[in-house]
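These notes concern the structure reproduced below.
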Amino acid sequence: MDVVVKNSITILSIIAIPLVIALFILWALVKRVHVYEVFVEGAKEGFTTAVRIIPYLVAMLFAIGMFRASGAMDIFVMVLSPLTNLIGMPAEALPMVLMRPLSGSASLGLMSEIMKTHGPDSFIGVLVSTMYGSSETTFYVLAVYFGAVNIRKTRHAVPVGIIADVCGMLGALIICKVLFGIL
Amino acid sequence: MDVVVKNSITILSIIAIPLVIALFILWALVKRVHVYEVFVEGAKEGFTTAVRIIPYLVAMLFAIGMFRASGAMDIFVMVLSPLTNLIGMPAEALPMVLMRPLSGSASLGLMSEIMKTHGPDSFIGVLVSTMYGSSETTFYVLAVYFGAVNIRKTRHAVPVGIIADVCGMLGALIICKVLFGIL
Amino acid sequence: MLNYIWTFLVLVSLVVAIGYDLYDEVFDTYRNGKEFSVTISLTDQSSSGRFRGIAHVTAEYYNAHYGKNVLAHNMDIPIQCTVDSVGNGTFQLFLPEQAPQPWLTMAKYSPVKGSLLGVISRVRFVGTHREAHAVLCFEPTHFVKMRSVTQAAIDFVVTAVEIALGLIGVMALWLGLMKIAEVAGLLTFIAKILKPLTRKLFPDIPSDHPAIAAILMNTAANMLGLSNAATPLGLKAMEELNKLNPQQGIATNAMITFLAINTGGLVLIPATAIAVRAAAGSSNPGIIIGTSIIGALCATIAGVTASKVLQRFSRYNNEITNNEKEK
Amino acid sequence: MLNYIWTFLVLVSLVVAIGYDLYDEVFDTYRNGKEFSVTISLTDQSSSGRFRGIAHVTAEYYNAHYGKNVLAHNMDIPIQCTVDSVGNGTFQLFLPEQAPQPWLTMAKYSPVKGSLLGVISRVRFVGTHREAHAVLCFEPTHFVKMRSVTQAAIDFVVTAVEIALGLIGVMALWLGLMKIAEVAGLLTFIAKILKPLTRKLFPDIPSDHPAIAAILMNTAANMLGLSNAATPLGLKAMEELNKLNPQQGIATNAMITFLAINTGGLVLIPATAIAVRAAAGSSNPGIIIGTSIIGALCATIAGVTASKVLQRFSRYNNEITNNEKEK
C-alpha cells in the first residue's frame, strides 16, 4: 500500500474526533444552542443505555466463555479440517475462522500464538492477521447493539452475520493465496 | 498558630463523625424511630443521586480534561503574566491560580512540582500551598452540586464562584506578602 | 436463531467438557491415588518433624508414571513436609511455572493454587539426614474441564458487566455531543446530503432522519479504527432506528442492514493486527492492509446482499412494512 | 454562563492543540522521514535475517539531528531487526524510560508502545559480523497534541463515571443517617436553633426547614476537612433546597449563596497541602494554616456578598421570589 495513503489515513484517524467535536460545537454556536445544557441532556441516556445492555451481554458472554473454556474448538477443528482442506484453507487458520466472530480477546491470542510459532511473514501468519484485521466480533456486536434497544427477536440478523463472516474469511483466504501463496 | 488549637481541631475532626452518628441514633431512639428501616429508606436515594450526577460530571470533566492536556495553560500564563506582575503576583504561582478552580488533581501536581523546584519554605512555596489550601475546585463542585438536582440554568453561580476564587487568591497573595514577603 | 446458537454453544460446551473429564477418569490421566517415589535433598529441618528440601524428579520416572513423553530433563522442585515419627505425613510441592502437564493442571485446581498437596509416607533418611527417600500420593484431581467451564462462565459474566459499566462514560460523551449536533440541526443536514447514497441501503428511513447521520458517523469511526467512538455512535444509531420500529423488540430491516455493514468490519488500517505483527518482528507489518480491506469488503458486500435477500423471506417482514406504510 | 465557559474550554483546547501540532509539523520536530545513522553491536543472530543488538547513539549526533541540546551522554539501546539479503528491513528500538525527548514522545504514540518502529536500510556488517552500520527511518509521528487531547477527553469522561459511582456508598450512608435525624425531628431542631444566624443568609428558606441543618452539617464537615461526609451532606442540602425551588432546572438564590459558602473552601486545617509540604521536607509545614484560613475567608465573604449583589440583577430573580411568596 502506498505510504502516502497510509500516512494520510493515519492522520485522518487522529484528527477525526477533535475535528468532529470542533465542528459540532462551532455549528451549535452559530445556531445559538446552549451547548452545556444540551450536552447534559443527551449524556443522561449514557447510563441507561449501558445498563440496558447488561443482560444481553451477560447471556452472550456466558455462552461464549463456556465454549472457549470447554475445548470444543479443538473438536470442531478436527471435524471440519477435512472439509476446509478441500478449499485449501490451512488447518492452523481454522481456529481463527471459528473464534473470530465469537471472541475478540481469544482470536487476538490465537493470532499472537501463530505469529510466534509460524512467524509473522509466513503465509499462515499473513493469512491469520488478514483474517483478524478484516472482520469484527459479530456475536458480541449483535448482543450489544440489539441489547441497547431491547431487541430479542433478531430475525435474519444471525444468518446475515454468519454469511458475512464466511464470505469475509473466504475472501481473505483467496486474496492471500493470490498475492502471497501458491494457488 | 497555637499548637493546642491545632491539636484540638485535629481531634475534633477525628471524633466528629462518630459523635454525629451516636447523637443521631440516640436522639432517634428517644423519639422511638425505627432506625434501620428509616436508614434504608433514606439510603435508597444514594444510588439515584450518584447516577444523576454522571452527565454533568462527564460534561465538565470532558472540557477540563481537554484543557489540561492541550497545554493552553502555558499560553494563558504567558498572556496574563504581564498583568499579574503589576500586582506583584509571581509568575510561578499563576498556573495554580488558573488551575485550582478547574482541577484538584492538576493543582495538587502543580503544588508538588513547585515544592520540588522552589522548596516548600520559599515565598513561592508558601504562597502556592496557601492558595491550594484556601480554595475549592469550584467548577467541579458546581457540576456535582447542580447535577444532583438537575439544575441546568446556573444563573449567577459561575460569576459568584469566579469572584470568590479571585478574591481568595488575592487574599492569599496579600497575607503571604505581609507575613513572609517584602511588600 | 440466536436461541439455537446460544443453546448450541452452552450444550456443546457442557457435553465436550464432560467428555474430556470422562476420558481423564477412564484413562486415569492424573494417576489419582497412585504412589510417586522421590528423593529429597534436605535444606532445612526443624525438630518437630517438619522439613524443607528439594525433590528430584527424573524425566524417565515421570514419563513412565504418567505414560506420556512430556518431560525432557530432570526437575528439582522445592518441597515442604510434616511427618510423624513413623515417617508418614503431608507434603506441599511448590511447582515452578514451567512444570510439565498433568502436574500444571493439577496445581491449577489444587486447594493451594500453584502447589501440589498430598500424603507423604515411608520417609527414610539416609546419609546423616542430608537426603531422604519417600513416596508421595497426590490429592486426587477430578473433573477439571467441568470446573474450568464453570469458572469461565462466572468470569465472563462478570466481564460482561464490567464492559457495560465501562461504556457509561464514552456513551455519555458521544450521546451528549450527538445531542448538540441534533439540536443544532447538523444531523438532519448530514442526512439530507447523504440521501442519494442511503436511499438504496435504507429505503425505510425518512431521508432527513438523524439515524442516517449516526449510521454514517459509526461507519466512519469504524473505518478509522476509533472503537471508543464507534460503539456509542452505533448504539445511538440503533436507538434512532428503533424510534422508527413499529414493533418494539423485533429487529427491523434497516437495523439488520446496518449491523451487516457494522459486522463487516471494514477498517482502513487494522491497527491491532499491524501492532501484533510489528511486535513479532515482521519485516513488513503493514502488508496486510490491502488484503484486510479486500476481506472486509467481501464480508460487507455479502452481508448487505444477504440482508436484502433474506428480508424477503422473513416471517415478520410484511407486518413491519405495512405498519410503516400506514404511518 | 456555564455554556460559555464550557464552549471556551473545549474550543481553546482544540485550537491550542492544533497550534502546537502545526508548529511541530512546520519545524519538523520529529524529523519524520529523515535518516538516522547508528552503529549496532550484535548480540544474537539467527539465520533468517533476524538479529538483536545494542544500538549506540552518540549525544553529538542525536543533538545535531534533532537540532536541540537534549542528550548529555551517549546512549546504548537494545534493538531488534529483520532484514533481507540486500540489507533492508524493519527494526524495533526498545527505548529505556529515561530516553530523551522527541524519542520519548514518539515511543508514547508508537503502534507498539514504548518502542520505536521503522524501516532499517543499508545494513553493512563489519568485523566478522560482530558489528553493523545501518540507517534508521522511524515511523512518522504526527499530531501528538491532538491525540493527547482526545485521549484526555476519554480518560476524564471515564474518571467522571468512576467518581460518580464511587459516591454511591457514602451518599447512601449519609442520606440514611440524615433521614434518621430528619424523622427524629433533629434537623428541624437544629434549624430552629440556627435561625438568627441563617435568616440573613437564606431569607427564602423557612426557619425550621431541614435544608438549614444539611447546610450547617456540610459546612462543618468541609471546615473539618471531612470530604467523605461533606459531599453527601452538600448534595442532601441541595436536594432540600430544590424542594423549595418553584422552577425546576433553574438555580435559586439560596442555592447560589450556599455554593458560594461551599466553594469558598474554608478549611480549619488544610491537611493535603500540609502533607505535601511535609513530604517536600518543609521545616514548618503547618505555617500555611493561618494564611489559608484568611485566604478562604476572603473567598467566602466575597462569594456571599457577590451572590447577594448579583441576585438583584438576575433575569430569573423576580419570578422565583414571586412564586415563593404566592405559596
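A note on labels: chains of the C-alpha cells are A, B, ... as shown, every chain counts residues from 1, and ligands are counted from 1 in their shown order.
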
Which chain B residues have any atom within 10 Å of an atom of chain A, and for each, what is the nearest pair of atoms with distance in Å to one decimal, counting only C-alpha atoms, rows sorted by chain and number, as JSON lines?
```
{"residue": "B:Val51", "atom": "CA", "partner": "A:Phe47", "partner_atom": "CA", "distance": 7.6}
{"residue": "B:Arg52", "atom": "CA", "partner": "A:Lys44", "partner_atom": "CA", "distance": 7.7}
{"residue": "B:Ile53", "atom": "CA", "partner": "A:Lys44", "partner_atom": "CA", "distance": 9.1}
{"residue": "B:Ile54", "atom": "CA", "partner": "A:Lys44", "partner_atom": "CA", "distance": 7.4}
{"residue": "B:Pro55", "atom": "CA", "partner": "A:Ala43", "partner_atom": "CA", "distance": 5.0}
{"residue": "B:Tyr56", "atom": "CA", "partner": "A:Val40", "partner_atom": "CA", "distance": 5.8}
{"residue": "B:Leu57", "atom": "CA", "partner": "A:Val40", "partner_atom": "CA", "distance": 9.0}
{"residue": "B:Val58", "atom": "CA", "partner": "A:Ala43", "partner_atom": "CA", "distance": 7.9}
{"residue": "B:Ala59", "atom": "CA", "partner": "A:Val40", "partner_atom": "CA", "distance": 6.5}
{"residue": "B:Met60", "atom": "CA", "partner": "A:Tyr36", "partner_atom": "CA", "distance": 8.7}
{"residue": "B:Gly147", "atom": "CA", "partner": "A:Val40", "partner_atom": "CA", "distance": 9.1}
{"residue": "B:Asn150", "atom": "CA", "partner": "A:Val40", "partner_atom": "CA", "distance": 9.4}
{"residue": "B:Ile151", "atom": "CA", "partner": "A:Glu37", "partner_atom": "CA", "distance": 9.2}
{"residue": "B:Arg152", "atom": "CA", "partner": "A:Glu37", "partner_atom": "CA", "distance": 5.7}
{"residue": "B:Lys153", "atom": "CA", "partner": "A:Glu37", "partner_atom": "CA", "distance": 7.8}
```

Could you turn the residues from that selection into a file that holds N, CA, C and O atoms, as a tab-separated table (two decimals), in the first residue's frame?
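Result saved to again_36.tsv:
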```
chain	number	residue	atom	x	y	z
B	51	VAL	N	-26.10	8.59	40.27
B	51	VAL	CA	-26.27	8.40	38.83
B	51	VAL	C	-26.69	9.70	38.15
B	51	VAL	O	-26.27	10.00	37.03
B	52	ARG	N	-27.50	10.50	38.85
B	52	ARG	CA	-27.97	11.75	38.27
B	52	ARG	C	-26.82	12.71	37.99
B	52	ARG	O	-26.89	13.55	37.10
B	53	ILE	N	-25.75	12.58	38.78
B	53	ILE	CA	-24.61	13.48	38.62
B	53	ILE	C	-23.83	13.18	37.33
B	53	ILE	O	-23.20	14.07	36.76
B	54	ILE	N	-23.88	11.91	36.90
B	54	ILE	CA	-22.97	11.46	35.82
B	54	ILE	C	-22.92	12.40	34.62
B	54	ILE	O	-21.83	12.86	34.26
B	55	PRO	N	-24.05	12.73	33.98
B	55	PRO	CA	-23.92	13.56	32.77
B	55	PRO	C	-23.26	14.91	33.04
B	55	PRO	O	-22.47	15.38	32.22
B	56	TYR	N	-23.55	15.52	34.18
B	56	TYR	CA	-22.95	16.82	34.50
B	56	TYR	C	-21.45	16.70	34.69
B	56	TYR	O	-20.66	17.51	34.21
B	57	LEU	N	-21.07	15.63	35.41
B	57	LEU	CA	-19.65	15.43	35.68
B	57	LEU	C	-18.92	15.07	34.39
B	57	LEU	O	-17.79	15.52	34.16
B	58	VAL	N	-19.56	14.27	33.54
B	58	VAL	CA	-18.95	13.92	32.25
B	58	VAL	C	-18.72	15.19	31.44
B	58	VAL	O	-17.63	15.42	30.90
B	59	ALA	N	-19.74	16.05	31.36
B	59	ALA	CA	-19.61	17.28	30.57
B	59	ALA	C	-18.48	18.13	31.10
B	59	ALA	O	-17.63	18.61	30.34
B	60	MET	N	-18.44	18.31	32.42
B	60	MET	CA	-17.44	19.21	33.00
B	60	MET	C	-16.03	18.63	32.87
B	60	MET	O	-15.12	19.30	32.42
B	147	GLY	N	-25.68	19.22	39.37
B	147	GLY	CA	-26.06	17.99	38.71
B	147	GLY	C	-27.00	17.15	39.56
B	147	GLY	O	-27.95	16.55	39.06
B	150	ASN	N	-30.36	18.36	39.03
B	150	ASN	CA	-30.74	18.62	37.63
B	150	ASN	C	-30.89	20.10	37.30
B	150	ASN	O	-31.79	20.48	36.55
B	151	ILE	N	-30.02	20.93	37.84
B	151	ILE	CA	-30.06	22.36	37.52
B	151	ILE	C	-29.21	22.60	36.28
B	151	ILE	O	-28.03	22.25	36.26
B	152	ARG	N	-29.80	23.13	35.24
B	152	ARG	CA	-29.01	23.46	34.05
B	152	ARG	C	-28.80	24.96	33.90
B	152	ARG	O	-27.80	25.41	33.39
B	153	LYS	N	-29.79	25.75	34.31
B	153	LYS	CA	-29.61	27.20	34.30
B	153	LYS	C	-28.98	27.60	35.62
B	153	LYS	O	-29.66	27.58	36.67
```

> Skipping near chain neighbours, those fewer than 2 positions away, what residues fall within 9 Å of Leu71 of chain C using only C-alpha atoms, listed as JSON, numbers by chain?
Replying inline: {"C": [58, 59, 60, 62, 63, 68, 69, 73, 74, 75, 99, 100, 101]}

How would the residues just picked look written out with N, CA, C and O atoms as a tab-separated table (two decimals), in the first residue's frame?
```
chain	number	residue	atom	x	y	z
C	58	THR	N	13.11	-37.43	38.19
C	58	THR	CA	13.80	-37.79	36.94
C	58	THR	C	12.77	-37.84	35.81
C	58	THR	O	11.62	-38.26	36.01
C	59	ALA	N	13.22	-37.43	34.62
C	59	ALA	CA	12.34	-37.42	33.45
C	59	ALA	C	11.84	-38.83	33.15
C	59	ALA	O	10.65	-39.03	32.88
C	60	GLU	N	12.71	-39.78	33.24
C	60	GLU	CA	12.38	-41.17	32.91
C	60	GLU	C	11.21	-41.67	33.77
C	60	GLU	O	10.21	-42.17	33.28
C	62	TYR	N	9.10	-39.86	35.62
C	62	TYR	CA	7.88	-39.05	35.43
C	62	TYR	C	7.11	-39.50	34.20
C	62	TYR	O	5.91	-39.75	34.25
C	63	ASN	N	7.85	-39.66	33.08
C	63	ASN	CA	7.19	-40.06	31.83
C	63	ASN	C	6.58	-41.45	31.93
C	63	ASN	O	5.49	-41.70	31.42
C	68	LYS	N	3.32	-40.71	29.38
C	68	LYS	CA	3.40	-39.74	28.27
C	68	LYS	C	4.82	-39.21	28.22
C	68	LYS	O	5.49	-39.13	29.24
C	69	ASN	N	5.26	-38.81	27.04
C	69	ASN	CA	6.62	-38.30	26.93
C	69	ASN	C	6.60	-36.78	27.04
C	69	ASN	O	6.71	-36.08	26.05
C	73	HIS	N	13.90	-33.08	30.65
C	73	HIS	CA	15.03	-33.04	31.58
C	73	HIS	C	14.54	-33.36	32.99
C	73	HIS	O	13.37	-33.20	33.30
C	74	ASN	N	15.47	-33.76	33.85
C	74	ASN	CA	15.13	-33.95	35.26
C	74	ASN	C	14.76	-32.61	35.87
C	74	ASN	O	15.19	-31.56	35.42
C	75	MET	N	13.92	-32.69	36.93
C	75	MET	CA	13.44	-31.45	37.55
C	75	MET	C	13.78	-31.44	39.03
C	75	MET	O	13.72	-32.48	39.69
C	99	ALA	N	6.34	-26.11	34.82
C	99	ALA	CA	6.20	-27.53	35.15
C	99	ALA	C	5.46	-28.25	34.01
C	99	ALA	O	4.74	-27.62	33.24
C	100	PRO	N	5.68	-29.57	33.89
C	100	PRO	CA	5.04	-30.31	32.79
C	100	PRO	C	3.58	-30.59	33.08
C	100	PRO	O	3.11	-30.48	34.21
C	101	GLN	N	2.84	-30.94	32.00
C	101	GLN	CA	1.43	-31.33	32.17
C	101	GLN	C	1.34	-32.59	32.97
C	101	GLN	O	2.34	-33.14	33.30
```

>> What's around segment 68-79 of chain B at 12 Å? Count only C-alpha atoms, leave out sequence neighbours fewer than 3 positions away in its own chain, and write the answer as number ranges by chain.
In response: A: 18; B: 61-65, 82-85, 89-100, 102-107, 109-110; D: 8-21, 143-156

> Could you work out how far atom CA of Ala64 of chain C lies from atom CA of Tyr109 of chain C, giving the answer in Å with one decimal?
Replying inline: 23.1 Å

>> Near chain D, meaning an atom within 8 Å, which residues of chain C appear when counting only C-alpha atoms? Write them as a PyMOL selection string.
In response: chain C and resi 166+168-170+173+271+275+278-279+281-284

Go ahead and save the residues from that selection, with N, CA, C and O atoms, as a compact mmCIF listing (two decimals), in the first residue's frame.
```txt
# COMPACT_ATOMS: atom_id res chain seq x y z
N GLY C 166 -18.17 0.09 31.89
CA GLY C 166 -17.09 0.88 31.31
C GLY C 166 -17.56 1.71 30.13
O GLY C 166 -16.93 2.69 29.75
N ILE C 168 -20.33 3.45 30.08
CA ILE C 168 -21.16 4.59 30.51
C ILE C 168 -20.51 5.91 30.11
O ILE C 168 -21.16 6.78 29.52
N GLY C 169 -19.21 6.06 30.42
CA GLY C 169 -18.54 7.33 30.18
C GLY C 169 -18.53 7.73 28.71
O GLY C 169 -19.00 8.82 28.36
N VAL C 170 -18.00 6.86 27.84
CA VAL C 170 -17.94 7.22 26.42
C VAL C 170 -19.32 7.33 25.82
O VAL C 170 -19.57 8.17 24.94
N LEU C 173 -20.52 10.73 26.73
CA LEU C 173 -19.81 11.74 25.94
C LEU C 173 -20.39 11.85 24.54
O LEU C 173 -20.78 12.94 24.09
N ALA C 271 -5.14 -1.58 12.94
CA ALA C 271 -4.01 -1.20 13.79
C ALA C 271 -3.58 -2.32 14.73
O ALA C 271 -2.38 -2.54 14.92
N ALA C 275 0.09 -3.94 14.81
CA ALA C 275 0.93 -3.82 16.00
C ALA C 275 1.43 -5.19 16.45
O ALA C 275 2.60 -5.35 16.80
N ALA C 278 4.10 -6.20 14.08
CA ALA C 278 5.33 -5.44 14.30
C ALA C 278 6.06 -5.96 15.53
O ALA C 278 7.28 -6.15 15.51
N ALA C 279 5.30 -6.22 16.60
CA ALA C 279 5.92 -6.70 17.83
C ALA C 279 6.53 -8.08 17.62
O ALA C 279 7.51 -8.45 18.28
N GLY C 281 8.11 -8.92 15.07
CA GLY C 281 9.31 -8.76 14.24
C GLY C 281 9.06 -8.97 12.76
O GLY C 281 9.94 -9.44 12.05
N SER C 282 7.90 -8.59 12.27
CA SER C 282 7.63 -8.75 10.84
C SER C 282 8.49 -7.78 10.04
O SER C 282 8.79 -6.66 10.48
N SER C 283 8.92 -8.21 8.84
CA SER C 283 9.71 -7.31 8.01
C SER C 283 8.81 -6.33 7.27
O SER C 283 9.26 -5.33 6.73
N ASN C 284 7.52 -6.59 7.25
CA ASN C 284 6.58 -5.66 6.62
C ASN C 284 5.22 -5.79 7.31
O ASN C 284 4.32 -6.46 6.80
```

> Within 12 Å of Gly286 of chain D, counting only C-alpha atoms, which residues qualify if same-chain residues fewer than 4 places away don't, as an MDAnalysis selection string?
Replying inline: (chainID B and resid 1:3 6:7 120:121 126 129:130 133) or (chainID D and resid 268:278 281:282 290:293)

> as a count of residues only, which residues of segment 71-303 of chain D does DSSP assign to strand (DSSP E)?
Replying inline: 35

Could you list, as a CSV table (one decimal) with C-alpha atoms, in the first residue's frame, every residue within 10 Å of Ile54 of chain C, counting only C-alpha atoms and ignoring same-chain residues fewer than 2 positions away?
```csv
chain,number,residue,atom,x,y,z
C,38,VAL,CA,11.0,-39.2,45.1
C,39,THR,CA,14.4,-38.4,46.5
C,40,ILE,CA,14.6,-35.3,48.6
C,41,SER,CA,17.8,-33.3,49.4
C,42,LEU,CA,17.1,-31.7,52.8
C,43,THR,CA,17.8,-28.0,53.1
C,52,ARG,CA,12.1,-28.5,53.7
C,56,HIS,CA,14.5,-34.6,42.5
C,57,VAL,CA,12.2,-35.9,39.8
C,75,MET,CA,13.4,-31.5,37.6
C,76,ASP,CA,14.3,-30.1,41.0
C,77,ILE,CA,11.3,-28.8,42.9
C,78,PRO,CA,11.1,-27.2,46.4
C,79,ILE,CA,9.1,-29.3,48.8
C,80,GLN,CA,7.9,-28.9,52.4
C,93,LEU,CA,5.3,-29.3,46.4
C,94,PHE,CA,6.0,-25.7,45.2
C,131,GLU,CA,18.8,-36.9,52.0
```

>> Using only C-alpha atoms for the distances, tell me which of A:Leu179, A:Val160, A:Leu19, A:Ile9 is nearest to chain D.
In response: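 Using only C-alpha atoms, the shortest distance to chain D belongs to A:Leu19.
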